[in-house]
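Q: Have a look at this one.
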Amino acid sequence: MEDIKTLEAESAEQTTRNVIDELLRGAGQVMFQNNVWTGLLFLIAIFWGSLREGEMMVAWGALLGLATSSVTGHILRLPAADGRQGLWGFNGILVGCAFPTFLGETTGMWIALIICAAMTTWVRSGLNNVMAPWKVNSFTFPFVLCTWIFLLAARAMQGIPIDDMSTPSLPSHFTSLSTIPPLHLLEYWLKGVAQVFLINSWEAGLLMLIAIAVNDRWAALWAAIGSAVALLCAVAFRAAGSDVAGGLYGFSPVLTAIALATVFYKPNWRSALWSLTGIIVTVFVQAAMNIVMQPLGIPTLTGPFCVATWLFLLPMIRLDYQTEIDHSNWSVENKPHLARHGSKRSK
Amino acid sequence: MEDIKTLEAESAEQTTRNVIDELLRGAGQVMFQNNVWTGLLFLIAIFWGSLREGEMMVAWGALLGLATSSVTGHILRLPAADGRQGLWGFNGILVGCAFPTFLGETTGMWIALIICAAMTTWVRSGLNNVMAPWKVNSFTFPFVLCTWIFLLAARAMQGIPIDDMSTPSLPSHFTSLSTIPPLHLLEYWLKGVAQVFLINSWEAGLLMLIAIAVNDRWAALWAAIGSAVALLCAVAFRAAGSDVAGGLYGFSPVLTAIALATVFYKPNWRSALWSLTGIIVTVFVQAAMNIVMQPLGIPTLTGPFCVATWLFLLPMIRLDYQTEIDHSNWSVENKPHLARHGSKRSK
Amino acid sequence: MEDIKTLEAESAEQTTRNVIDELLRGAGQVMFQNNVWTGLLFLIAIFWGSLREGEMMVAWGALLGLATSSVTGHILRLPAADGRQGLWGFNGILVGCAFPTFLGETTGMWIALIICAAMTTWVRSGLNNVMAPWKVNSFTFPFVLCTWIFLLAARAMQGIPIDDMSTPSLPSHFTSLSTIPPLHLLEYWLKGVAQVFLINSWEAGLLMLIAIAVNDRWAALWAAIGSAVALLCAVAFRAAGSDVAGGLYGFSPVLTAIALATVFYKPNWRSALWSLTGIIVTVFVQAAMNIVMQPLGIPTLTGPFCVATWLFLLPMIRLDYQTEIDHSNWSVENKPHLARHGSKRSK
């Protein structure tokens, strides 16, 4: 009797460990880091940032979204390998950050959050099925598409009240930053990293860079480069001051940088140039998508990262001559090395 | 001499029967019902609803669109099996309902209706070619895409005058329904069914449910469930009152319900849950698309049904363990059972 | 020593000839003409039109864009056969025409032009990878997509000032042409051809028709037919007068006409009817896209040509029974004859 109880207790303990492991990896995978410590530090950064802004619901929403999308993968019996790597969690945690940020905290909003976070799991499978022949995957676009649906719906349903989204308007006059004290540049730079999780806090951004470095220092370096180069580009081209100051031109390029420089290509000077170009292009795509969404009053979310990275991966440009690539961070579904190194089968 | 005349007369009679058979099946296929009696009852419902609203041109337009898209399939020599099942007609009949509903009755409008209805036939082939590897097909999206083109063009061409479309505006304040007498709920529920054919009449909606039941009572039940659940969801989330009252939140979910619950999945409690989720998601997609189209002043048509159903079919989630599915209602082009039951070849 | 110098000089001379050859073919390929004389006459037409409008920067921009996108193909080591046929140049030259037309001439604009023109080369590869299974290619959509990104970004970045784009507005009242003197019709007709290169000059349009005829008289005839039929259609349906007068309803149908009637189908009366239908549909797509872009204040560029031609090629309608097609004008990547004449593999 005692032995059976012990076995059951051990089994329950193992299951709990597995669940926590999967959830933390899910958090880490938002920035392509399949690592429980990275994920844990990301969650701490989210809580810290939410606390500082007095928006604790964002942190709780993040946990709820993360858990919802992860459990949905199990319910739908999707490939277990994806779950173990946290690939069901990263879209959901972003949904959970977004809903309390932009919408009022009503029952309708929380119900919609759960539906939306769950949706991202099967929408991710569907989009990946479509994109598989093109050797790319859906990145955070399940989060972007599903959240757009609900943010737009919120403008047509009083049961999901708008809390903090721009009023729909036609593009017109705006002001850019005239003079920027260098210390502010540091703040905008780090906020760019934090805004990946929709957090408006430079301390959270710094903690996130550390979190990435725990798994992959090269990725942390490129995340930093991404936000910095993007900030300089946005300032040089005189984008809207409030967007630049909030780090809103930095977060998509952070993801593009990590994806191009550390996930999909082996590090060499050619892929570094390619990644820098990708970072800069992402800034223009961000600006363009800001304009497109303006008459609807909806944020772009990480849409620019998805669009720009697809534009840089679909051509399957070969930037090196070795046959190995470290893709242990990415799902077995996506085999980028076949595109980057193998025969060009789909051309 | 007499025998030859008799043979010719019989042949002409047979051809006429085939034509009528194909046209009626085309009407039925709007809601996935490959049945001449369902199609006939749909047409009667369209005429009844048009008569009641004093818009007889909608009914004549429906016939014109149905005939145009069907004959286009023969002209282009598309696979005859599609024609016999009425798969060339259902997009055209919807075009024919839409044009007189939204546009003024001028010569330019009728010419555009013919071009648009004909277009849907080859646009359907083209989109199906693209979507075939994803184990889905274009549903009513040929109708949606082609009609959008002409409704938008109408805003730029005085030769196609606008008759009944919302003025382009940015999303802003709206009112939802405060109290709804139960009898009105019945009316909105049945209008939701009728609005698949853009008909604003609860009697027509009731007749359409009967029409579906003539072919497949399970599909009629799910059509009823689709409109009902969608109505409750739209009311619960307090969508715009005029849209809810006109049944405009019901028609896309009717099609999603029939597709998921009776066409693409075998009936069991899992697919029932999946279909209910699909119905609810369609309501949010409808709300979102209402907002997206608002600055252009264009109706969503059955776009939300297409988007939502694609999102629920692309993942190719398996919900049962049997190998047979009744797909006699669907084209030979689309073999959903291979996706739902066979090996996951395209993953 | 002398022999080596001579060999080097000859080699440099050959390289120069190859470069010029490739650039001129790139200009010609905008209208599917793989011919250095066509390309040269196109460039002369661009310079003539720019001179007449006092906008010389458009001509210099065209050269800069053409050179940038072409050299990018070499840098990325894309298939050399594409380069030799000028397939890296035609998107870039259009970028180079567009930027100085719509944007102010600042350093930021020229930097953006270079980035955008370079982008079109790898975006073309990426989109062609995606579209290859559908037996179509990306046409001028790399130019359209990339330029849209930067024109939209210009509305969010003061570093790229707007010079000549419509103010964002919601669709509303407009005036069409009441009476048109026949001589003006000739002017609008020829402007339609010139507007492919965003040039507003009937003399340039006439020179461009001659340029096409130098390579392929049939294509020149269909270019003329395309602009003429489109003009009549736009006038008949009473489109906005200023757009019609500027030839803005003619340029996309010119490209659709050349593509359908002379590139993708063998000439016969069936493909002629198909092409005429394509020309007319392109006019409605142009009108529709004008409305869609109006709230963003962005031009459609050659988007309507791409959309309409895809809708007419994706169905892979067979219009003839011979197995040969002259595709020497098109890249080895795209084998339309397999779609139009071979087995319907992807149906």
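Every chain in the structure tokens takes a letter, A first, then B, and so on in the order presented; its residues are numbered from 1, and the ligands are numbered from 1 following the presented order.
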Hey, list the chain A side of the contact with chain C: 6 Å cut-off, only C-alpha atoms, answer as a ChimeraX atom specification.
A: /A:237-239,284-285,287-288,311,314-315,347
Q: List the spatial neighbours of Met208 in chain A as a PyMOL selection string - criterion: any atom at most 9 Å away, only C-alpha atoms, same-chain residues fewer than 5 positions off excluded.
A: chain A and resi 38+41-42+45+193-194+203+213+220
Q: For His74 in chain B, list every protein, DNA or RNA residue within 12 Å, evaluated using only C-alpha atoms, and leave out those in the same chain fewer than 3 positions away; present the list as a PyMOL selection string.
A: chain B and resi 19+22+67-71+77-84+86-89+118+121-122
Q: Any idea what the distance is between CA of Pro182 in chain B and CA of Leu273 in chain B?
A: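 Rounded to one decimal, the two atoms are 26.1 Å apart.
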Q: I'd like the interatomic distance between CA of Phe47 in chain A and CA of Leu63 in chain A, to a tenth of an Å.
A: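 Taking CA of Phe47 in chain A and CA of Leu63 in chain A, their separation equals 10.0 Å.
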Q: Can you measure CA of Thr72 in chain A to CA of Gly278 in chain B for me? One decimal in Å is fine.
A: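 Atom-to-atom, CA of Thr72 in chain A to CA of Gly278 in chain B, that is 14.9 Å.
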Q: Using 12 Å as the limit and counting only C-alpha atoms, can you tabulate each residue of range 23-89 of chain B that touches range 247-254 of chain B, with its shortest atom-to-atom distance in Å and the two atoms involved, as a tab-separated table?
A:
```
residue	atom	partner	partner_atom	distance
B:Val30	CA	B:Val254	CA	11.1
B:Met31	CA	B:Val254	CA	8.5
B:Phe32	CA	B:Val254	CA	11.1
```
Q: Fewer than 2 positions away in the same chain doesn't count, so skip those; otherwise give me all residues within 9 Å of Thr302 in chain B, counting only C-alpha atoms, as an NGL selection string.
A: :B and (140-141 or 143-144 or 196 or 251-252 or 255 or 286 or 300 or 304-306)
Q: May I have the residues within 9 Å of Ala240 in chain C as a list of chain:residue names, using only C-alpha atoms and disregarding those fewer than 3 positions away in the same chain?
A: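 Contacts, in chain order: B:Ala156, B:Met157, B:Gln158, C:Phe174, C:Thr175, C:Ser176, C:Leu177, C:Ala234, C:Val235, C:Asp243, C:Val244, C:Ala245.
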Q: Taking the DSSP assignment computed from this structure's backbone, write out as a PyMOL selection string all residues of range 23-161 of chain A that belong to alpha helix (DSSP H).
A: chain A and resi 23-28+36-53+56-75+80-84+90-102+107-131+141-154
